[in-house]
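Below is structure10.tsv, holding TSV, C-alpha atoms.
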```
chain	number	residue	atom	x	y	z
L	1	MET	CA	-30.46	-31.09	19.76
L	2	GLN	CA	-33.03	-33.14	17.88
L	3	ILE	CA	-32.79	-35.22	14.74
L	4	ASN	CA	-35.52	-37.25	13.03
L	5	ILE	CA	-34.57	-40.70	11.75
L	6	ASP	CA	-37.18	-43.08	10.36
L	7	GLY	CA	-39.91	-41.00	11.96
L	8	LEU	CA	-38.34	-41.08	15.43
L	9	ASN	CA	-37.24	-37.85	17.09
L	10	ILE	CA	-33.88	-38.41	18.77
L	11	ASN	CA	-32.50	-36.18	21.50
L	12	TYR	CA	-28.70	-35.88	21.45
L	13	ILE	CA	-25.74	-33.67	22.27
L	14	ASP	CA	-22.71	-33.13	20.03
L	15	GLU	CA	-19.72	-31.14	21.27
L	16	GLY	CA	-16.03	-30.74	20.58
L	17	THR	CA	-13.74	-31.23	17.60
L	18	GLY	CA	-11.37	-33.97	16.54
L	19	ASN	CA	-11.87	-37.72	16.40
L	20	ASP	CA	-15.47	-38.89	16.64
L	21	VAL	CA	-16.59	-40.51	19.91
L	22	LEU	CA	-20.04	-42.04	20.46
L	23	LEU	CA	-21.41	-42.91	23.92
L	24	LEU	CA	-24.30	-45.38	24.29
L	25	HIS	CA	-26.10	-45.64	27.63
L	26	GLY	CA	-27.57	-48.70	29.32
L	27	TRP	CA	-31.16	-49.87	29.77
L	28	GLY	CA	-33.18	-47.30	31.70
L	29	GLY	CA	-30.46	-44.68	31.23
L	30	ASN	CA	-30.28	-41.52	29.14
L	31	ILE	CA	-27.91	-38.74	28.17
L	32	LYS	CA	-27.43	-37.76	31.83
L	33	THR	CA	-26.02	-41.16	32.78
L	34	MET	CA	-23.27	-40.72	30.18
L	35	LEU	CA	-22.29	-37.17	31.15
L	36	PRO	CA	-19.43	-38.30	33.44
L	37	ILE	CA	-17.74	-39.78	30.36
L	38	PHE	CA	-18.86	-36.98	28.04
L	39	ASN	CA	-17.32	-34.32	30.28
L	40	VAL	CA	-13.94	-36.11	30.34
L	41	LEU	CA	-13.67	-36.17	26.55
L	42	LYS	CA	-15.55	-33.15	25.16
L	43	ASP	CA	-12.46	-30.89	25.22
L	44	LYS	CA	-10.28	-33.52	23.56
L	45	CYS	CA	-12.38	-34.76	20.62
L	46	ARG	CA	-15.87	-34.63	19.14
L	47	VAL	CA	-18.24	-36.43	21.51
L	48	VAL	CA	-21.83	-37.45	20.74
L	49	THR	CA	-24.30	-39.06	23.09
L	50	LEU	CA	-28.04	-39.52	22.84
L	51	ASP	CA	-31.20	-40.77	24.45
L	52	LEU	CA	-31.62	-44.13	22.73
L	53	PRO	CA	-35.07	-44.70	21.19
L	54	GLY	CA	-37.57	-45.30	23.99
L	55	PHE	CA	-35.53	-43.50	26.64
L	56	GLY	CA	-35.20	-39.95	27.89
L	57	GLU	CA	-36.62	-37.43	25.44
L	58	SER	CA	-36.35	-39.65	22.35
L	59	SER	CA	-39.35	-41.25	20.63
L	60	ILE	CA	-40.50	-44.79	21.38
L	61	PRO	CA	-40.28	-47.23	18.44
L	62	ASP	CA	-43.62	-48.24	16.94
L	63	LYS	CA	-42.94	-51.94	17.60
L	64	PRO	CA	-40.74	-53.99	19.97
L	65	TRP	CA	-37.05	-53.96	19.01
L	66	ASN	CA	-34.22	-56.37	19.66
L	67	SER	CA	-30.55	-55.43	19.96
L	68	PHE	CA	-30.01	-55.76	16.21
L	69	ASP	CA	-32.81	-53.27	15.52
L	70	TYR	CA	-31.09	-50.81	17.84
L	71	ALA	CA	-27.76	-51.37	16.07
L	72	GLU	CA	-29.23	-50.76	12.61
L	73	PHE	CA	-30.89	-47.61	13.86
L	74	MET	CA	-27.62	-46.40	15.37
L	75	LYS	CA	-25.85	-46.98	12.05
L	76	LYS	CA	-28.35	-44.58	10.45
L	77	PHE	CA	-27.80	-42.10	13.29
L	78	ILE	CA	-24.01	-42.30	12.85
L	79	ASP	CA	-24.28	-41.78	9.10
L	80	SER	CA	-26.71	-38.87	9.53
L	81	LEU	CA	-24.21	-37.06	11.75
L	82	GLY	CA	-21.33	-37.74	9.35
L	83	MET	CA	-19.30	-39.62	11.96
L	84	LYS	CA	-16.26	-41.53	10.69
L	85	LYS	CA	-13.87	-44.04	12.32
L	86	ILE	CA	-15.61	-43.72	15.65
L	87	ILE	CA	-14.40	-44.49	19.14
L	88	LEU	CA	-17.37	-46.35	20.56
L	89	PHE	CA	-18.36	-46.55	24.24
L	90	GLY	CA	-21.16	-48.87	25.35
L	91	HIS	CA	-22.45	-49.35	28.88
L	92	SER	CA	-24.69	-52.34	29.67
L	93	HIS	CA	-27.42	-52.37	26.97
L	94	GLY	CA	-25.33	-49.84	25.03
L	95	GLY	CA	-22.65	-52.52	25.04
L	96	ARG	CA	-24.98	-54.93	23.24
L	97	ILE	CA	-25.46	-52.37	20.49
L	98	SER	CA	-21.72	-51.66	20.37
L	99	ILE	CA	-20.84	-55.34	20.00
L	100	ILE	CA	-23.16	-55.67	16.99
L	101	LEU	CA	-21.89	-52.46	15.37
L	102	SER	CA	-18.23	-53.40	15.91
L	103	SER	CA	-18.65	-56.91	14.52
L	104	LYS	CA	-20.76	-55.95	11.51
L	105	TYR	CA	-19.30	-52.56	10.52
L	106	GLN	CA	-15.63	-53.13	11.20
L	107	ASP	CA	-14.49	-50.35	8.88
L	108	PHE	CA	-15.77	-47.47	10.96
L	109	VAL	CA	-15.18	-48.57	14.57
L	110	ASN	CA	-11.66	-47.42	15.42
L	111	LYS	CA	-11.64	-48.40	19.11
L	112	LEU	CA	-14.20	-50.00	21.40
L	113	ILE	CA	-14.76	-49.49	25.12
L	114	LEU	CA	-17.28	-51.83	26.75
L	115	ILE	CA	-18.31	-50.96	30.31
L	116	ASP	CA	-20.16	-53.64	32.32
L	117	SER	CA	-21.57	-54.70	28.98
L	118	ALA	CA	-24.56	-56.92	28.36
L	119	GLY	CA	-24.61	-59.42	25.50
L	120	VAL	CA	-23.74	-62.70	27.19
L	121	ILE	CA	-26.66	-64.85	28.36
L	122	PRO	CA	-26.31	-65.40	32.14
L	123	LYS	CA	-25.39	-68.77	33.60
L	124	ARG	CA	-28.54	-70.35	34.98
L	125	LYS	CA	-28.40	-72.14	38.33
L	126	ILE	CA	-31.14	-74.34	39.78
L	127	ASN	CA	-32.33	-71.47	41.99
L	128	TYR	CA	-33.09	-69.47	38.86
L	129	TYR	CA	-35.38	-72.15	37.46
L	130	ILE	CA	-37.10	-72.59	40.82
L	131	LYS	CA	-37.72	-68.84	40.87
L	132	VAL	CA	-38.98	-68.77	37.27
L	133	TYR	CA	-41.40	-71.65	37.67
L	134	GLY	CA	-42.55	-70.29	41.02
L	135	PHE	CA	-43.18	-66.92	39.37
L	136	LYS	CA	-45.21	-68.56	36.60
L	137	PHE	CA	-47.26	-70.54	39.12
L	138	MET	CA	-47.91	-67.40	41.17
L	139	LYS	CA	-49.02	-65.56	38.01
L	140	LYS	CA	-51.50	-68.32	37.16
L	141	VAL	CA	-52.94	-68.26	40.68
L	142	TYR	CA	-53.18	-64.46	40.64
L	143	ILE	CA	-55.08	-64.42	37.34
L	144	THR	CA	-57.44	-67.12	38.61
L	145	LEU	CA	-58.24	-65.51	41.97
L	146	VAL	CA	-58.37	-61.79	41.17
L	147	ARG	CA	-61.81	-60.71	40.04
L	148	GLY	CA	-63.38	-57.79	38.24
L	149	SER	CA	-60.96	-57.15	35.38
L	150	SER	CA	-59.81	-58.62	32.07
L	151	LYS	CA	-56.87	-61.02	31.79
L	152	GLU	CA	-54.73	-58.23	30.30
L	153	GLU	CA	-55.50	-55.89	33.21
L	154	LYS	CA	-54.76	-58.67	35.71
L	155	LEU	CA	-51.41	-59.33	34.05
L	156	GLU	CA	-50.56	-55.64	34.12
L	157	LYS	CA	-51.30	-55.45	37.84
L	158	PHE	CA	-49.38	-58.66	38.50
L	159	TYR	CA	-46.22	-57.52	36.73
L	160	LYS	CA	-46.33	-54.09	38.34
L	161	LYS	CA	-46.55	-55.76	41.74
L	162	PHE	CA	-44.18	-58.71	41.33
L	163	GLY	CA	-42.00	-58.02	38.26
L	164	SER	CA	-38.38	-56.87	38.22
L	165	THR	CA	-37.58	-53.19	38.70
L	166	ASP	CA	-36.81	-52.70	35.00
L	167	TYR	CA	-39.99	-54.52	34.04
L	168	LYS	CA	-42.09	-52.44	36.44
L	169	GLU	CA	-40.62	-49.23	35.06
L	170	SER	CA	-41.25	-50.25	31.43
L	171	GLU	CA	-44.60	-50.16	29.68
L	172	GLY	CA	-46.08	-51.40	26.42
L	173	ILE	CA	-43.60	-51.58	23.57
L	174	MET	CA	-40.58	-50.91	25.79
L	175	ARG	CA	-41.54	-53.73	28.13
L	176	GLN	CA	-41.71	-56.10	25.15
L	177	THR	CA	-38.44	-54.65	23.87
L	178	MET	CA	-36.76	-55.36	27.21
L	179	VAL	CA	-37.79	-59.02	26.98
L	180	LYS	CA	-36.31	-59.22	23.47
L	181	VAL	CA	-32.95	-57.58	24.21
L	182	ILE	CA	-32.18	-59.53	27.38
L	183	ASN	CA	-32.50	-62.74	25.39
L	184	ASP	CA	-30.03	-61.65	22.69
L	185	ASN	CA	-26.93	-63.83	23.00
L	186	LEU	CA	-24.10	-62.07	21.17
L	187	GLN	CA	-21.18	-64.37	22.07
L	188	SER	CA	-20.85	-65.61	18.50
L	189	LEU	CA	-20.17	-62.04	17.33
L	190	LEU	CA	-17.27	-61.38	19.68
L	191	PRO	CA	-14.53	-63.06	17.55
L	192	SER	CA	-15.55	-60.81	14.62
L	193	ILE	CA	-14.56	-57.64	16.48
L	194	ASN	CA	-11.26	-56.35	15.12
L	195	ALA	CA	-11.08	-52.98	16.86
L	196	PRO	CA	-8.74	-52.67	19.85
L	197	THR	CA	-11.11	-53.20	22.77
L	198	LEU	CA	-10.97	-52.05	26.38
L	199	LEU	CA	-13.25	-53.90	28.81
L	200	ILE	CA	-14.03	-52.13	32.09
L	201	TRP	CA	-15.92	-54.04	34.76
L	202	GLY	CA	-17.09	-53.59	38.31
L	203	GLU	CA	-15.79	-56.32	40.60
L	204	ASN	CA	-19.17	-56.53	42.32
L	205	ASP	CA	-21.41	-56.03	39.29
L	206	GLU	CA	-24.59	-58.05	39.89
L	207	ASP	CA	-26.42	-57.09	36.67
L	208	THR	CA	-23.70	-58.18	34.24
L	209	PRO	CA	-21.34	-60.18	36.48
L	210	LEU	CA	-17.59	-60.10	36.05
L	211	TYR	CA	-17.43	-63.55	34.43
L	212	MET	CA	-19.16	-61.99	31.39
L	213	GLY	CA	-16.28	-59.56	31.01
L	214	LYS	CA	-13.82	-62.45	31.18
L	215	ILE	CA	-15.73	-64.27	28.43
L	216	MET	CA	-15.54	-61.15	26.27
L	217	GLU	CA	-11.82	-60.78	26.93
L	218	ASP	CA	-11.31	-64.39	25.85
L	219	LYS	CA	-13.41	-64.07	22.67
L	220	ILE	CA	-12.38	-60.59	21.43
L	221	LYS	CA	-8.95	-60.86	19.81
L	222	ASP	CA	-7.37	-57.51	20.68
L	223	SER	CA	-8.86	-56.85	24.12
L	224	GLY	CA	-7.91	-56.24	27.72
L	225	LEU	CA	-9.98	-56.30	30.90
L	226	ILE	CA	-9.70	-53.74	33.69
L	227	ILE	CA	-11.48	-54.68	36.93
L	228	MET	CA	-12.69	-51.86	39.17
L	229	LYS	CA	-12.37	-52.97	42.79
L	230	LYS	CA	-15.52	-52.78	44.93
L	231	ALA	CA	-17.45	-51.25	42.00
L	232	GLY	CA	-20.87	-52.31	40.78
L	233	HIS	CA	-22.73	-52.10	37.48
L	234	TYR	CA	-21.90	-48.39	37.12
L	235	SER	CA	-18.18	-48.94	37.57
L	236	TYR	CA	-17.34	-45.77	35.64
L	237	ILE	CA	-19.10	-43.77	38.34
L	238	ASP	CA	-18.11	-45.88	41.36
L	239	CYS	CA	-14.40	-45.58	40.46
L	240	TYR	CA	-14.52	-42.38	38.46
L	241	ASP	CA	-10.91	-41.22	38.90
L	242	GLN	CA	-9.51	-44.64	38.01
L	243	PHE	CA	-11.89	-44.91	35.06
L	244	LYS	CA	-10.84	-41.49	33.77
L	245	ALA	CA	-7.15	-42.38	33.99
L	246	VAL	CA	-7.69	-45.71	32.22
L	247	ILE	CA	-9.64	-44.36	29.25
L	248	LEU	CA	-7.30	-41.39	28.75
L	249	PHE	CA	-4.34	-43.77	28.61
L	250	PHE	CA	-6.16	-46.12	26.21
L	251	LEU	CA	-7.06	-43.19	23.95
L	252	LYS	CA	-3.86	-41.19	24.32
L	253	ASP	CA	-3.06	-41.37	20.59
L	254	ASP	CA	-6.59	-40.39	19.56
L	255	LEU	CA	-7.22	-37.24	21.60
L	256	ASN	CA	-6.39	-33.65	20.76
L	257	LYS	CA	-4.81	-33.03	24.12
L	258	ILE	CA	-4.63	-34.52	27.58
L	259	LYS	CA	-5.54	-32.44	30.61
```
Using C-alpha cells, write down the structure from this file.
Amino acid sequence: MQINIDGLNINYIDEGTGNDVLLLHGWGGNIKTMLPIFNVLKDKCRVVTLDLPGFGESSIPDKPWNSFDYAEFMKKFIDSLGMKKIILFGHSHGGRISIILSSKYQDFVNKLILIDSAGVIPKRKINYYIKVYGFKFMKKVYITLVRGSSKEEKLEKFYKKFGSTDYKESEGIMRQTMVKVINDNLQSLLPSINAPTLLIWGENDEDTPLYMGKIMEDKIKDSGLIIMKKAGHYSYIDCYDQFKAVILFFLKDDLNKIK
C-alpha cells in the first residue's frame, strides 16, 4: 500500500484486526526486516509496518532529518491511519523514534517494545578518539594528494573507500540524516515514558551494546530487560523462538488469540 504524507510517498502494509500494533525498523532496514515480527502478530491484532522515509520504497525527505523529525512524521502517519492506543515496536533506529513518540505522546502508546534500540550516545574510549583523529588526518592527506577532481568529489571518493558500512551505503540527504540521528542523545526522555516497556537485547550486540539496554531499564519506570544469549544486533532473528515466546507473553492481554 501507499500513502502520501507531506509530499512523501510511504510504502506500508496493514493487516489484521484488533489492537493496533506499529513496527518500526532500524537504519538500513525496511518492511522485510520486520516481517518476522509482523508474521507472529498479524493473526492476533492489527499490525502496521512501513518503509521509513528514505528507506525501501518510500520517498527520501527533501532535507536531512534528525530523530525528532522522524517522530513527528510518524505521528502524522499514525493519525492518517486512524491508529489508537498503539503497541509500539522499535528496532535500533526505530527505537529512537519510539522513545520520542512514547515520551511525548503518552496518551496513545499503550505498550512499548524496544529491541536493541538506539538512543543512548555510546561511551567513548581513548581508542575511539585515536581512530577519529586518525580518520580526519587521513582525510586531509587524501584531499591534498589526490588530483584531478573537486574537493566535493574527493570527499565522496574518500568516504566511499574509508567510511563505515552505513555511511558508504548512504548518499546525499540520507548520509547527512545518518550523521544527525546517531548524535541524538535521548536519555533525558526515558523517565517520561509511562507505557509498560519490554526491552529485548542481544548479549553480543556490537551496534547498540547491552549496557545501553541496562541504562534504558534503569531510566524507564515500568520496564524489564530480556537478554538474548549469544544474539547480536538482530536479536529478534538470532533467537526467534525465544523472542516470539517473550512478546506473546508480554502482550497476552492485548491479543485476540494466542496460537
Exercise. State, in Å with one decimal place, the distance from CA of Ser67 (chain L) to CA of Val246 (chain L).
Key: 27.7 Å
Quiz item: If you measure from CA of Glu217 (chain L) to CA of Pro191 (chain L), what distance in Å do you get, rounded to one decimal?
Solution: 10.0 Å
Self-check item: For Ile31 (chain L), the nearest of the candidates L:Val181, L:Leu190, L:Ala118, L:Leu52, counting all atoms listed in the file
Solution: L:Leu52
Self-check item: Contacts of Glu203 (chain L) within 7 Å, all atoms listed in the file, excl. fewer than 2 positions in-chain, as a ChimeraX atom specification
Solution: /L:201,205,210,227-232
Quiz item: Please, what distance in Å, to one decimal, runs between CA of Leu50 (chain L) and CA of Gly94 (chain L)?
Solution: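 Pair CA of Leu50 (chain L) / CA of Gly94 (chain L) returns 10.9 Å.
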Quiz item: Between L:Val120, L:Met83, L:Val21, L:Leu8, which is the closest to Ser188 (chain L) once you count only C-alpha atoms?
Solution: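 Result for the nearest residue to Ser188 (chain L): L:Val120.
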Can I get region 196-211 of chain L with N, CA and C atoms filled in, as a short mmCIF file (atom, residue, chain, number, x, y, z; two decimals), in the frame of the given file?
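This went into selection09.cif:
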```
data_model
loop_
_atom_site.label_atom_id
_atom_site.label_comp_id
_atom_site.auth_asym_id
_atom_site.auth_seq_id
_atom_site.Cartn_x
_atom_site.Cartn_y
_atom_site.Cartn_z
N PRO L 196 -9.32 -52.56 18.50
CA PRO L 196 -8.74 -52.67 19.85
C PRO L 196 -9.83 -52.38 20.89
N THR L 197 -9.97 -53.26 21.86
CA THR L 197 -11.11 -53.20 22.77
C THR L 197 -10.66 -53.14 24.23
N LEU L 198 -11.20 -52.17 24.94
CA LEU L 198 -10.97 -52.05 26.38
C LEU L 198 -12.26 -52.46 27.10
N LEU L 199 -12.13 -53.43 28.00
CA LEU L 199 -13.25 -53.90 28.81
C LEU L 199 -13.08 -53.38 30.23
N ILE L 200 -14.09 -52.68 30.73
CA ILE L 200 -14.03 -52.13 32.09
C ILE L 200 -15.20 -52.70 32.88
N TRP L 201 -14.89 -53.30 34.03
CA TRP L 201 -15.92 -54.04 34.76
C TRP L 201 -15.85 -53.77 36.26
N GLY L 202 -17.02 -53.68 36.87
CA GLY L 202 -17.09 -53.59 38.31
C GLY L 202 -16.92 -54.96 38.95
N GLU L 203 -16.05 -55.05 39.92
CA GLU L 203 -15.79 -56.32 40.60
C GLU L 203 -17.06 -56.92 41.18
N ASN L 204 -17.95 -56.06 41.66
CA ASN L 204 -19.17 -56.53 42.32
C ASN L 204 -20.43 -56.31 41.48
N ASP L 205 -20.27 -56.22 40.18
CA ASP L 205 -21.41 -56.03 39.29
C ASP L 205 -22.36 -57.23 39.41
N GLU L 206 -23.60 -56.98 39.77
CA GLU L 206 -24.59 -58.05 39.89
C GLU L 206 -25.50 -58.14 38.67
N ASP L 207 -25.55 -57.09 37.85
CA ASP L 207 -26.42 -57.09 36.67
C ASP L 207 -25.76 -57.79 35.49
N THR L 208 -24.51 -57.46 35.25
CA THR L 208 -23.70 -58.18 34.24
C THR L 208 -22.42 -58.61 34.96
N PRO L 209 -22.45 -59.77 35.62
CA PRO L 209 -21.34 -60.18 36.48
C PRO L 209 -19.99 -60.25 35.76
N LEU L 210 -18.95 -60.19 36.56
CA LEU L 210 -17.59 -60.10 36.05
C LEU L 210 -17.23 -61.24 35.11
N TYR L 211 -17.77 -62.43 35.31
CA TYR L 211 -17.43 -63.55 34.43
C TYR L 211 -17.79 -63.24 32.98
#
```
